[in-house]
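Structure data follow from data05.cif (mmCIF, C-alpha atoms and all ligand atoms):
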```cif
data_data
loop_
_atom_site.label_atom_id
_atom_site.label_comp_id
_atom_site.auth_asym_id
_atom_site.auth_seq_id
_atom_site.Cartn_x
_atom_site.Cartn_y
_atom_site.Cartn_z
CA MET A 1 52.47 -31.01 36.21
CA ASP A 2 53.40 -27.54 37.43
CA ASP A 3 53.31 -26.47 33.87
CA LEU A 4 49.71 -27.67 33.54
CA SER A 5 48.39 -26.05 36.68
CA THR A 6 50.12 -22.71 35.86
CA ILE A 7 48.71 -22.73 32.35
CA ARG A 8 45.34 -23.61 33.78
CA SER A 9 45.20 -20.84 36.36
CA GLU A 10 46.64 -18.23 33.98
CA ALA A 11 44.13 -19.16 31.27
CA LEU A 12 41.15 -19.17 33.62
CA ASP A 13 42.24 -15.85 35.13
CA ALA A 14 42.55 -14.30 31.66
CA VAL A 15 39.07 -15.55 30.74
CA GLN A 16 37.55 -14.15 33.94
CA ALA A 17 39.40 -10.84 33.50
CA ALA A 18 38.24 -10.31 29.90
CA ALA A 19 36.10 -7.18 30.06
CA ASP A 20 34.60 -7.47 26.59
CA LEU A 21 34.27 -9.87 23.69
CA GLY A 22 37.48 -8.57 22.09
CA ALA A 23 39.52 -9.27 25.23
CA LEU A 24 37.94 -12.70 25.55
CA GLU A 25 38.97 -13.59 22.01
CA ALA A 26 42.54 -12.51 22.82
CA ALA A 27 42.48 -14.80 25.87
CA ARG A 28 41.23 -17.68 23.70
CA VAL A 29 43.99 -17.18 21.14
CA ALA A 30 46.63 -17.08 23.92
CA VAL A 31 45.54 -20.56 25.02
CA LEU A 32 44.03 -22.35 22.05
CA GLY A 33 45.40 -20.37 19.08
CA LYS A 34 48.17 -21.68 16.82
CA LYS A 35 50.83 -20.50 19.25
CA GLY A 36 48.66 -20.87 22.35
CA SER A 37 49.85 -22.42 25.61
CA VAL A 38 47.56 -25.50 25.46
CA THR A 39 48.23 -25.93 21.75
CA GLY A 40 51.95 -25.95 22.69
CA LEU A 41 51.30 -28.78 25.19
CA MET A 42 49.49 -30.80 22.52
CA LYS A 43 52.51 -30.48 20.28
CA THR A 44 54.77 -32.05 22.94
CA LEU A 45 52.63 -35.23 23.09
CA GLY A 46 54.27 -36.72 20.00
CA GLY A 47 57.67 -36.86 21.71
CA LEU A 48 56.43 -38.82 24.75
CA ALA A 49 56.53 -42.53 25.44
CA PRO A 50 53.18 -44.30 24.76
CA GLU A 51 51.98 -44.70 28.41
CA GLN A 52 53.06 -41.19 29.27
CA ARG A 53 51.41 -39.85 26.20
CA LYS A 54 48.16 -41.54 27.12
CA GLU A 55 48.12 -40.24 30.64
CA PHE A 56 49.39 -36.72 29.86
CA GLY A 57 47.23 -36.47 26.75
CA ALA A 58 44.10 -37.17 28.77
CA ARG A 59 44.99 -34.41 31.21
CA VAL A 60 45.74 -31.88 28.46
CA ASN A 61 42.44 -32.74 26.81
CA GLN A 62 40.61 -32.29 30.04
CA LEU A 63 42.31 -28.93 30.57
CA LYS A 64 41.38 -27.89 27.07
CA GLY A 65 37.75 -28.83 27.72
CA GLU A 66 37.71 -26.94 30.99
CA ILE A 67 39.08 -23.78 29.38
CA GLU A 68 36.64 -24.02 26.49
CA ALA A 69 33.75 -24.30 28.95
CA ALA A 70 35.06 -21.22 30.84
CA LEU A 71 35.32 -19.32 27.51
CA ASP A 72 31.70 -20.21 26.65
CA ALA A 73 30.39 -19.21 30.04
CA ARG A 74 32.26 -15.90 29.95
CA LYS A 75 31.01 -15.21 26.43
CA GLY A 76 27.45 -15.75 27.62
CA SER A 77 27.74 -13.40 30.57
CA LEU A 78 29.55 -10.70 28.52
CA GLY A 79 26.73 -10.85 25.93
CA ALA A 80 24.08 -10.53 28.62
CA ALA A 81 25.97 -7.62 30.19
CA ALA A 82 26.25 -5.89 26.81
CA LEU A 83 22.50 -6.24 26.33
CA GLU A 84 21.85 -4.92 29.86
CA ALA A 85 24.07 -1.91 29.13
CA ARG A 86 22.21 -1.19 25.89
CA LEU A 87 18.85 -1.48 27.54
CA ALA A 88 19.92 0.92 30.26
CA ALA A 89 21.50 3.42 27.86
CA GLU A 90 18.74 3.39 25.25
CA LYS A 91 15.83 3.89 27.58
CA ILE A 92 13.06 5.96 25.94
CA ASP A 93 10.56 8.07 27.72
CA VAL A 94 7.21 7.25 26.15
CA THR A 95 5.52 9.99 28.16
CA LEU A 96 7.32 12.77 26.25
CA PRO A 97 5.02 14.76 23.94
CA VAL A 98 5.66 14.13 20.22
CA ARG A 99 7.44 16.80 18.24
CA PRO A 100 5.08 18.63 15.89
CA VAL A 101 5.40 17.47 12.27
CA ALA A 102 4.89 20.03 9.51
CA GLU A 103 1.72 18.86 7.82
CA GLY A 104 0.50 19.65 4.33
CA SER A 105 -3.17 20.03 3.52
CA LEU A 106 -5.48 19.05 0.71
CA HIS A 107 -6.75 21.69 -1.67
CA PRO A 108 -10.55 22.08 -1.48
CA ILE A 109 -10.80 21.02 -5.15
CA GLY A 110 -9.14 17.67 -4.44
CA GLN A 111 -11.19 17.24 -1.29
CA VAL A 112 -14.46 17.91 -3.11
CA MET A 113 -13.49 15.60 -5.97
CA ASP A 114 -12.94 12.85 -3.38
CA GLU A 115 -16.28 13.57 -1.73
CA VAL A 116 -18.08 13.51 -5.09
CA GLY A 117 -16.27 10.29 -6.03
CA ALA A 118 -17.25 8.64 -2.73
CA ILE A 119 -20.96 9.47 -3.12
CA PHE A 120 -21.23 8.41 -6.77
CA GLY A 121 -19.02 5.42 -6.01
CA GLU A 122 -21.70 4.14 -3.65
CA MET A 123 -24.20 4.47 -6.49
CA GLY A 124 -22.08 2.25 -8.73
CA PHE A 125 -20.27 4.89 -10.78
CA THR A 126 -16.60 4.50 -11.66
CA TRP A 127 -14.06 7.30 -12.16
CA ALA A 128 -13.05 7.98 -15.80
CA ASP A 129 -10.84 10.60 -17.40
CA GLY A 130 -9.67 12.04 -20.69
CA PRO A 131 -7.14 14.56 -22.06
CA ASP A 132 -7.20 18.31 -21.27
CA ILE A 133 -6.02 18.99 -24.82
CA GLU A 134 -8.86 17.67 -26.91
CA ASP A 135 -9.65 17.48 -30.60
CA ASP A 136 -12.52 19.46 -32.00
CA TRP A 137 -14.46 16.27 -32.86
CA HIS A 138 -14.65 14.92 -29.30
CA ASN A 139 -15.23 18.35 -27.72
CA PHE A 140 -17.94 19.46 -30.16
CA THR A 141 -18.89 17.38 -33.20
CA ALA A 142 -19.46 14.06 -31.41
CA LEU A 143 -21.65 15.96 -28.94
CA ASN A 144 -24.03 17.10 -31.68
CA ILE A 145 -22.33 20.47 -32.18
CA PRO A 146 -21.28 20.44 -35.87
CA PRO A 147 -18.71 23.00 -37.13
CA ASP A 148 -21.03 25.87 -38.00
CA HIS A 149 -23.50 25.28 -35.20
CA PRO A 150 -24.30 28.45 -33.21
CA ALA A 151 -23.88 26.46 -29.97
CA ARG A 152 -20.13 26.69 -30.49
CA GLN A 153 -20.47 30.27 -29.32
CA MET A 154 -22.02 29.11 -26.03
CA GLN A 155 -18.53 28.33 -24.82
CA ASP A 156 -15.61 30.70 -25.29
CA THR A 157 -13.02 28.30 -26.51
CA PHE A 158 -9.23 28.38 -26.35
CA TYR A 159 -8.20 27.14 -29.79
CA LEU A 160 -4.78 25.52 -30.19
CA PRO A 161 -2.69 25.01 -33.33
CA SER A 162 -4.05 22.12 -35.39
CA ARG A 163 -2.33 18.75 -35.41
CA ALA A 164 -0.01 17.91 -38.32
CA ASP A 165 -2.87 15.97 -39.95
CA GLY A 166 -5.05 19.09 -39.83
CA THR A 167 -7.19 18.04 -36.84
CA PRO A 168 -8.31 21.22 -35.04
CA MET A 169 -7.39 21.16 -31.34
CA VAL A 170 -8.82 22.94 -28.29
CA LEU A 171 -8.41 23.05 -24.52
CA ARG A 172 -11.52 21.10 -23.58
CA THR A 173 -14.34 23.48 -22.70
CA HIS A 174 -16.18 20.86 -20.62
CA THR A 175 -15.72 17.27 -19.42
CA SER A 176 -18.39 16.07 -21.87
CA PRO A 177 -15.88 14.84 -24.51
CA VAL A 178 -15.14 11.99 -22.10
CA GLN A 179 -18.75 10.86 -22.65
CA ALA A 180 -17.84 10.25 -26.29
CA ARG A 181 -14.46 8.70 -25.52
CA THR A 182 -16.06 6.24 -23.10
CA MET A 183 -19.01 5.23 -25.30
CA LEU A 184 -16.58 4.65 -28.18
CA ASN A 185 -14.49 2.30 -26.05
CA LYS A 186 -14.72 -1.25 -27.42
CA ASP A 187 -14.79 -2.90 -23.98
CA VAL A 188 -17.61 -0.59 -22.89
CA GLN A 189 -19.55 -1.37 -26.08
CA LYS A 190 -19.08 -5.08 -25.46
CA ARG A 191 -20.32 -4.76 -21.89
CA LEU A 192 -23.40 -2.87 -23.09
CA ALA A 193 -24.05 -5.47 -25.80
CA ASP A 194 -23.88 -8.15 -23.10
CA GLY A 195 -26.68 -6.37 -21.23
CA GLY A 196 -24.49 -4.41 -18.81
CA SER A 197 -24.63 -0.71 -18.09
CA LEU A 198 -22.22 2.21 -18.21
CA ARG A 199 -21.95 4.55 -15.22
CA ILE A 200 -19.06 6.96 -14.99
CA ILE A 201 -18.13 10.22 -13.38
CA VAL A 202 -15.39 12.35 -14.88
CA PRO A 203 -13.88 14.90 -12.52
CA GLY A 204 -11.33 17.09 -14.25
CA ARG A 205 -10.00 20.41 -15.56
CA THR A 206 -11.84 22.48 -18.12
CA PHE A 207 -10.99 25.76 -19.86
CA ARG A 208 -12.88 28.79 -21.15
CA ILE A 209 -11.94 32.38 -21.96
CA ASP A 210 -13.52 34.01 -18.93
CA SER A 211 -12.29 35.76 -15.79
CA ASP A 212 -14.08 37.44 -12.89
CA ALA A 213 -14.91 36.65 -9.23
CA THR A 214 -16.86 33.54 -10.24
CA HIS A 215 -15.04 32.54 -13.46
CA THR A 216 -11.43 31.56 -14.09
CA PRO A 217 -9.94 30.50 -17.44
CA MET A 218 -9.21 27.10 -15.89
CA PHE A 219 -11.88 25.54 -13.70
CA HIS A 220 -13.17 22.08 -12.81
CA GLN A 221 -16.20 20.03 -13.70
CA VAL A 222 -17.49 16.60 -12.93
CA GLU A 223 -19.33 14.91 -15.74
CA GLY A 224 -21.73 12.04 -15.12
CA LEU A 225 -22.95 9.54 -17.69
CA VAL A 226 -25.29 6.58 -17.43
CA ILE A 227 -26.08 4.46 -20.49
CA ASP A 228 -28.08 1.25 -20.70
CA ARG A 229 -31.39 0.17 -22.27
CA THR A 230 -33.87 1.47 -19.71
CA THR A 231 -32.54 4.47 -17.78
CA HIS A 232 -35.01 7.39 -17.97
CA MET A 233 -35.54 10.92 -16.74
CA GLY A 234 -36.83 9.64 -13.38
CA HIS A 235 -33.46 8.01 -12.73
CA LEU A 236 -31.70 11.26 -13.65
CA LYS A 237 -33.83 13.12 -11.14
CA GLY A 238 -33.45 10.56 -8.35
CA CYS A 239 -29.72 10.30 -8.82
CA LEU A 240 -29.14 14.05 -8.67
CA VAL A 241 -31.49 14.56 -5.71
CA ASP A 242 -29.66 11.85 -3.77
CA PHE A 243 -26.28 13.24 -4.72
CA CYS A 244 -27.05 16.85 -3.76
CA ARG A 245 -28.58 15.88 -0.42
CA ALA A 246 -25.58 13.69 0.43
CA PHE A 247 -23.01 16.21 -0.75
CA PHE A 248 -24.50 19.27 0.97
CA GLU A 249 -25.48 17.15 3.99
CA VAL A 250 -29.04 18.49 4.01
CA ASP A 251 -31.56 15.62 4.06
CA ASP A 252 -34.55 17.58 2.78
CA LEU A 253 -32.64 19.83 0.36
CA PRO A 254 -35.11 20.88 -2.37
CA LEU A 255 -34.01 20.67 -6.01
CA ARG A 256 -35.57 22.51 -8.94
CA PHE A 257 -35.30 21.07 -12.47
CA ARG A 258 -35.66 23.89 -15.02
CA PRO A 259 -36.12 23.10 -18.74
CA SER A 260 -33.01 24.17 -20.61
CA TYR A 261 -31.04 23.56 -23.78
CA PHE A 262 -27.81 21.70 -24.46
CA PRO A 263 -27.05 20.36 -27.95
CA PHE A 264 -26.04 16.97 -26.49
CA THR A 265 -29.09 16.29 -24.33
CA GLU A 266 -32.83 16.16 -25.07
CA PRO A 267 -34.74 16.97 -22.99
CA SER A 268 -32.33 19.11 -20.98
CA ALA A 269 -32.62 20.54 -17.50
CA GLU A 270 -30.63 22.90 -15.37
CA VAL A 271 -30.72 22.07 -11.70
CA ASP A 272 -30.96 24.51 -8.80
CA ILE A 273 -30.71 23.83 -5.09
CA GLY A 274 -32.74 25.64 -2.45
CA CYS A 275 -31.07 28.28 -0.29
CA SER A 276 -31.65 31.42 1.67
CA TRP A 277 -29.69 34.54 2.49
CA LYS A 278 -29.59 36.08 5.93
CA ASP A 279 -27.46 39.12 6.78
CA GLY A 280 -25.42 38.47 3.66
CA GLU A 281 -24.80 34.84 4.67
CA LEU A 282 -25.81 31.95 2.48
CA LYS A 283 -27.60 28.94 3.94
CA ILE A 284 -28.07 25.85 1.78
CA GLY A 285 -31.47 24.20 2.35
CA ALA A 286 -35.18 24.93 1.95
CA GLY A 287 -35.56 28.71 1.63
CA ASP A 288 -36.81 31.45 -0.62
CA SER A 289 -33.96 31.41 -3.11
CA TRP A 290 -32.28 29.10 -5.64
CA LEU A 291 -28.71 28.48 -6.80
CA GLU A 292 -27.93 26.90 -10.15
CA ILE A 293 -25.35 24.15 -9.81
CA LEU A 294 -25.49 21.86 -12.83
CA GLY A 295 -26.69 21.07 -16.35
CA SER A 296 -28.20 17.74 -17.27
CA GLY A 297 -30.45 15.83 -19.62
CA MET A 298 -31.16 12.63 -21.50
CA VAL A 299 -28.27 11.88 -23.85
CA HIS A 300 -29.27 13.04 -27.37
CA PRO A 301 -29.82 10.15 -29.81
CA ASN A 302 -27.41 11.84 -32.24
CA VAL A 303 -24.65 11.64 -29.61
CA ILE A 304 -25.34 7.96 -29.00
CA ALA A 305 -25.20 7.32 -32.76
CA ASN A 306 -22.03 9.44 -33.20
CA CYS A 307 -20.38 7.21 -30.59
CA GLY A 308 -21.17 4.00 -32.44
CA LEU A 309 -24.18 2.83 -30.41
CA ASP A 310 -27.71 2.27 -31.67
CA PRO A 311 -30.00 4.99 -30.24
CA ALA A 312 -32.99 2.70 -30.78
CA VAL A 313 -31.45 0.34 -28.21
CA TYR A 314 -29.45 2.52 -25.80
CA GLN A 315 -30.41 5.54 -23.78
CA GLY A 316 -29.36 7.28 -20.61
CA PHE A 317 -28.63 10.57 -18.91
CA ALA A 318 -25.70 12.90 -18.46
CA PHE A 319 -24.90 15.84 -16.26
CA GLY A 320 -22.11 18.34 -15.78
CA MET A 321 -21.43 20.17 -12.55
CA GLY A 322 -18.90 22.85 -11.54
CA ILE A 323 -16.64 21.42 -8.84
CA ASP A 324 -15.22 24.79 -7.85
CA ARG A 325 -18.76 26.14 -7.58
CA ILE A 326 -20.07 23.39 -5.29
CA ALA A 327 -16.85 23.63 -3.23
CA MET A 328 -17.41 27.39 -2.76
CA LEU A 329 -21.04 26.82 -1.77
CA LYS A 330 -20.39 23.96 0.65
CA TYR A 331 -17.37 25.46 2.36
CA GLY A 332 -18.27 29.15 2.18
CA ILE A 333 -15.34 30.22 0.00
CA PRO A 334 -16.13 33.64 -1.44
CA ASP A 335 -13.75 34.17 -4.38
CA LEU A 336 -13.05 31.56 -7.04
CA ARG A 337 -9.80 33.17 -8.16
CA ALA A 338 -8.21 32.51 -4.76
CA PHE A 339 -8.43 28.76 -5.50
CA PHE A 340 -5.64 29.13 -8.02
CA ASP A 341 -3.43 31.80 -6.42
CA ALA A 342 -1.36 29.19 -4.53
CA ASP A 343 -1.37 31.41 -1.42
CA LEU A 344 -0.29 29.27 1.53
CA ARG A 345 -2.26 31.35 4.02
CA TRP A 346 -5.43 30.64 2.01
CA LEU A 347 -4.61 26.97 1.78
CA ARG A 348 -3.94 26.68 5.52
CA HIS A 349 -7.32 28.27 6.15
CA TYR A 350 -9.45 26.41 3.58
CA GLY A 351 -7.38 23.23 3.14
CA PHE A 352 -8.29 19.82 4.55
CA SER A 353 -6.20 17.42 6.57
CA ALA A 354 -5.50 14.17 4.78
CA LEU A 355 -7.25 12.17 7.51
CA GLU A 356 -10.52 14.04 7.05
CA ALA A 357 -10.34 13.24 3.37
CA VAL A 358 -11.24 9.59 3.89
CA ARG A 359 -14.97 9.38 4.34
N1 LIG A 401 -21.19 20.24 -20.68
C1 LIG A 401 -22.18 21.14 -20.14
C2 LIG A 401 -21.49 22.44 -19.76
O1 LIG A 401 -20.31 22.46 -19.62
C3 LIG A 401 -22.87 20.56 -18.92
C4 LIG A 401 -23.68 19.34 -19.25
C5 LIG A 401 -23.12 18.10 -19.20
C6 LIG A 401 -25.01 19.48 -19.58
C7 LIG A 401 -23.87 16.98 -19.51
C8 LIG A 401 -25.77 18.38 -19.88
C9 LIG A 401 -25.20 17.15 -19.82
O2 LIG A 401 -22.14 23.46 -19.59
#
```
Step by step, read the file and then write its structure as structure tokens.
Amino acid sequence: MDDLSTIRSEALDAVQAAADLGALEAARVAVLGKKGSVTGLMKTLGGLAPEQRKEFGARVNQLKGEIEAALDARKGSLGAAALEARLAAEKIDVTLPVRPVAEGSLHPIGQVMDEVGAIFGEMGFTWADGPDIEDDWHNFTALNIPPDHPARQMQDTFYLPSRADGTPMVLRTHTSPVQARTMLNKDVQKRLADGGSLRIIVPGRTFRIDSDATHTPMFHQVEGLVIDRTTHMGHLKGCLVDFCRAFFEVDDLPLRFRPSYFPFTEPSAEVDIGCSWKDGELKIGAGDSWLEILGSGMVHPNVIANCGLDPAVYQGFAFGMGIDRIAMLKYGIPDLRAFFDADLRWLRHYGFSALEAVR
């Protein structure tokens, strides 16, 4: 009897006194563990006479239940207290200003490629690409510039060592070889045969032996190509007018189509946009001056045939535009060479934040 009430009050005191979950577990082991006080009482039951065992057993069981309930209750309140303490300690002040994060910026070339891609994307063009190191056939021959053709001198080419099989290699002098690569693609040919159309833009790097304030040996172009059965010069004109007005953000921007010559287009046109100069500053828009920004034309039937399509069935237009050039014009960047100097001060000044890049 005494034994029971002592064990009871000691156990309940220990449970109440437990200051954390570790102490509570120690209190539980002292009572209900293998060598615990209540466990010890249970072990004595076997030696008792049957009536005694029944009566004493019931009381031990009741005690055990009472202590277990106290353990549970204490566990609950210790857990709640621990949570309270964490909430109090980990309070954050949401009114504090954020720490500045060092932010990178987008190079104007990447920004302008994205802008060009977004505008042509809305017109149904998809983005295509090809290798910077190109074979002579794709860069020239497929585009109606055979080996001894004087037009090869129009572009000052970086020649590379030939491939093992003798194929002459170059750094591509324009993005036009991707016209040939795309028309030769079997899936594209199938889509055209099924009555579909081909519309791609090809933004990418190009290379020519040239260097001054407006020329660098590596520069960027965006090629455009549309092929189907009905596209004509009117579409070429409409497409480029729409593009230039959207890109330069001048709704009534005048365009001038000048007859020109490229071996891979017939007829060919160079395209100028209207502008004016005031106090040495350039303004894009209707004015008394013109700036040349791209070459274009109807794809030459020889090119269509060289790429495995029937020129009696398929036709379309192509254009090639200098990305660096339109970037300089739109964003007032005076020297092309600075684009490729990797000068952080220049990039911080002319670069774009990534958020502005999404149009
Ligand atoms: N490839 C030509 C150049 O680099 C531009 C061009 C492309 C002209 C497509 C007509 C058609 O000068």
Neighbours of Leu225 (chain A) within 7 Å (only C-alpha atoms; same-chain residues fewer than 2 positions away dropped), as number ranges by chain? A: 179, 199-201, 223, 227, 317-319
Among listed residues A:Asp114, A:Asp156, A:Asp136, A:Glu249, nearest ligand LIG 401 (chain A) (using only C-alpha atoms and all ligand atoms): A:Asp156
Would you write out, as a tab-separated table, a table of all residues in chain A that have an atom no more than 10 Å from an atom of ligand LIG 401 (chain A), listing for each the closest atom pair and the distance in Å to one decimal, considering all atoms listed in the file and ordering rows by chain and rising residue number?
```
residue	atom	partner	partner_atom	distance
A:Asn139	CA	A:LIG401	N1	9.4
A:Leu143	CA	A:LIG401	N1	9.3
A:Met154	CA	A:LIG401	O2	8.6
A:Gln155	CA	A:LIG401	O2	8.0
A:Arg172	CA	A:LIG401	O1	9.7
A:Thr173	CA	A:LIG401	O1	6.8
A:His174	CA	A:LIG401	O1	4.5
A:Thr175	CA	A:LIG401	N1	6.4
A:Ser176	CA	A:LIG401	N1	5.2
A:Pro177	CA	A:LIG401	N1	8.5
A:Gln179	CA	A:LIG401	C7	8.6
A:Thr206	CA	A:LIG401	O1	8.6
A:Phe207	CA	A:LIG401	O1	9.9
A:Arg208	CA	A:LIG401	O1	9.9
A:His220	CA	A:LIG401	O1	9.9
A:Gln221	CA	A:LIG401	O1	7.6
A:Val222	CA	A:LIG401	C5	8.6
A:Glu223	CA	A:LIG401	C5	6.0
A:Gly224	CA	A:LIG401	C7	6.9
A:Leu225	CA	A:LIG401	C7	7.7
A:Ser260	CA	A:LIG401	C8	9.3
A:Tyr261	CA	A:LIG401	C8	8.4
A:Phe262	CA	A:LIG401	C8	6.0
A:Pro263	CA	A:LIG401	C8	8.4
A:Phe264	CA	A:LIG401	C9	6.7
A:Thr265	CA	A:LIG401	C8	5.9
A:Glu266	CA	A:LIG401	C8	9.0
A:Pro267	CA	A:LIG401	C8	9.6
A:Ser268	CA	A:LIG401	C8	6.7
A:Ala269	CA	A:LIG401	C8	7.6
A:Glu270	CA	A:LIG401	C6	7.8
A:Leu294	CA	A:LIG401	C3	6.8
A:Gly295	CA	A:LIG401	C6	4.0
A:Ser296	CA	A:LIG401	C8	3.6
A:Gly297	CA	A:LIG401	C8	5.3
A:Met298	CA	A:LIG401	C9	7.7
A:Val299	CA	A:LIG401	C9	7.3
A:His300	CA	A:LIG401	C9	9.5
A:Phe317	CA	A:LIG401	C9	7.5
A:Ala318	CA	A:LIG401	C9	4.5
A:Phe319	CA	A:LIG401	C7	3.6
A:Gly320	CA	A:LIG401	C5	3.6
A:Met321	CA	A:LIG401	C3	6.5
A:Gly322	CA	A:LIG401	O1	8.2
```
Those same residues - C-alpha atoms - I'd like them written as a PDB file, in the frame of the given file.
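Output saved as out-v5.pdb:
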```pdb
ATOM      1  CA  ASN A 139     -15.230  18.350 -27.720  1.00  0.00           C
ATOM      2  CA  LEU A 143     -21.650  15.960 -28.940  1.00  0.00           C
ATOM      3  CA  MET A 154     -22.020  29.110 -26.030  1.00  0.00           C
ATOM      4  CA  GLN A 155     -18.530  28.330 -24.820  1.00  0.00           C
ATOM      5  CA  ARG A 172     -11.520  21.100 -23.580  1.00  0.00           C
ATOM      6  CA  THR A 173     -14.340  23.480 -22.700  1.00  0.00           C
ATOM      7  CA  HIS A 174     -16.180  20.860 -20.620  1.00  0.00           C
ATOM      8  CA  THR A 175     -15.720  17.270 -19.420  1.00  0.00           C
ATOM      9  CA  SER A 176     -18.390  16.070 -21.870  1.00  0.00           C
ATOM     10  CA  PRO A 177     -15.880  14.840 -24.510  1.00  0.00           C
ATOM     11  CA  GLN A 179     -18.750  10.860 -22.650  1.00  0.00           C
ATOM     12  CA  THR A 206     -11.840  22.480 -18.120  1.00  0.00           C
ATOM     13  CA  PHE A 207     -10.990  25.760 -19.860  1.00  0.00           C
ATOM     14  CA  ARG A 208     -12.880  28.790 -21.150  1.00  0.00           C
ATOM     15  CA  HIS A 220     -13.170  22.080 -12.810  1.00  0.00           C
ATOM     16  CA  GLN A 221     -16.200  20.030 -13.700  1.00  0.00           C
ATOM     17  CA  VAL A 222     -17.490  16.600 -12.930  1.00  0.00           C
ATOM     18  CA  GLU A 223     -19.330  14.910 -15.740  1.00  0.00           C
ATOM     19  CA  GLY A 224     -21.730  12.040 -15.120  1.00  0.00           C
ATOM     20  CA  LEU A 225     -22.950   9.540 -17.690  1.00  0.00           C
ATOM     21  CA  SER A 260     -33.010  24.170 -20.610  1.00  0.00           C
ATOM     22  CA  TYR A 261     -31.040  23.560 -23.780  1.00  0.00           C
ATOM     23  CA  PHE A 262     -27.810  21.700 -24.460  1.00  0.00           C
ATOM     24  CA  PRO A 263     -27.050  20.360 -27.950  1.00  0.00           C
ATOM     25  CA  PHE A 264     -26.040  16.970 -26.490  1.00  0.00           C
ATOM     26  CA  THR A 265     -29.090  16.290 -24.330  1.00  0.00           C
ATOM     27  CA  GLU A 266     -32.830  16.160 -25.070  1.00  0.00           C
ATOM     28  CA  PRO A 267     -34.740  16.970 -22.990  1.00  0.00           C
ATOM     29  CA  SER A 268     -32.330  19.110 -20.980  1.00  0.00           C
ATOM     30  CA  ALA A 269     -32.620  20.540 -17.500  1.00  0.00           C
ATOM     31  CA  GLU A 270     -30.630  22.900 -15.370  1.00  0.00           C
ATOM     32  CA  LEU A 294     -25.490  21.860 -12.830  1.00  0.00           C
ATOM     33  CA  GLY A 295     -26.690  21.070 -16.350  1.00  0.00           C
ATOM     34  CA  SER A 296     -28.200  17.740 -17.270  1.00  0.00           C
ATOM     35  CA  GLY A 297     -30.450  15.830 -19.620  1.00  0.00           C
ATOM     36  CA  MET A 298     -31.160  12.630 -21.500  1.00  0.00           C
ATOM     37  CA  VAL A 299     -28.270  11.880 -23.850  1.00  0.00           C
ATOM     38  CA  HIS A 300     -29.270  13.040 -27.370  1.00  0.00           C
ATOM     39  CA  PHE A 317     -28.630  10.570 -18.910  1.00  0.00           C
ATOM     40  CA  ALA A 318     -25.700  12.900 -18.460  1.00  0.00           C
ATOM     41  CA  PHE A 319     -24.900  15.840 -16.260  1.00  0.00           C
ATOM     42  CA  GLY A 320     -22.110  18.340 -15.780  1.00  0.00           C
ATOM     43  CA  MET A 321     -21.430  20.170 -12.550  1.00  0.00           C
ATOM     44  CA  GLY A 322     -18.900  22.850 -11.540  1.00  0.00           C
TER      45      GLY A 322
END
```
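Minimum distance to Gly130 (chain A) across A:Ala18, A:Ala23, A:Val178, A:Ala213 (counting all atoms listed in the file) occurs at A:Val178.
By chain and then residue number, the residues within 6 Å of Asp272 (chain A) are A:Leu255, A:Arg256, A:Trp290, A:Leu291, A:Glu292, A:Ile293, counting all atoms listed in the file and disregarding those fewer than 5 positions away in sequence.
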Tell me, as a list in words, which residues lie within 8 Å of region 99-112 of chain A, counting all atoms listed in the file; anything in the same chain fewer than 5 positions away does not count. Ile323, Asp324, Ala327, Leu347, Arg348, Tyr350, Gly351, Phe352, Ser353, Ala354 and Ala357 of chain A
Using all atoms listed in the file, find the one residue out of A:Phe56, A:Tyr159, A:Phe339, A:Phe125 that sits nearest to His215 (chain A). A:Phe339
Length of the CA of Gly124 (chain A) to CA of Asp228 (chain A) vector [Å]: 13.4 Å
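One distance worth recording is that between CA of Thr39 (chain A) and CA of Ala17 (chain A), which is 21.1 Å.
Our summary of the geometry notes that CA of Thr231 (chain A) is positioned 19.1 Å from CA of Val202 (chain A).
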Near-Gly287 (chain A) list (12 Å; all atoms listed in the file; drop same-chain fewer than 2 positions) as an mmCIF file with C-alpha atoms, in the frame of the given file:
```cif
data_model
loop_
_atom_site.group_PDB
_atom_site.id
_atom_site.type_symbol
_atom_site.label_atom_id
_atom_site.label_comp_id
_atom_site.auth_asym_id
_atom_site.auth_seq_id
_atom_site.Cartn_x
_atom_site.Cartn_y
_atom_site.Cartn_z
ATOM 1 C CA ASP A 252 -34.550 17.580 2.780
ATOM 2 C CA LEU A 253 -32.640 19.830 0.360
ATOM 3 C CA PRO A 254 -35.110 20.880 -2.370
ATOM 4 C CA LEU A 255 -34.010 20.670 -6.010
ATOM 5 C CA ILE A 273 -30.710 23.830 -5.090
ATOM 6 C CA GLY A 274 -32.740 25.640 -2.450
ATOM 7 C CA CYS A 275 -31.070 28.280 -0.290
ATOM 8 C CA SER A 276 -31.650 31.420 1.670
ATOM 9 C CA TRP A 277 -29.690 34.540 2.490
ATOM 10 C CA LYS A 278 -29.590 36.080 5.930
ATOM 11 C CA LEU A 282 -25.810 31.950 2.480
ATOM 12 C CA LYS A 283 -27.600 28.940 3.940
ATOM 13 C CA ILE A 284 -28.070 25.850 1.780
ATOM 14 C CA GLY A 285 -31.470 24.200 2.350
ATOM 15 C CA SER A 289 -33.960 31.410 -3.110
ATOM 16 C CA TRP A 290 -32.280 29.100 -5.640
ATOM 17 C CA LEU A 291 -28.710 28.480 -6.800
#
```
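Using all atoms listed in the file, the nearest neighbour of Leu240 (chain A) within the list A:Ala58, A:Val271, A:Ala338, A:Val94 is A:Val271.
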Hey, what's within 12 Å of Gln189 (chain A) if we count only C-alpha atoms and toss same-chain stuff fewer than 4 positions away? As an MDAnalysis selection string, please? chainID A and resid 180:185 193:198 227:228 304 307:310 314
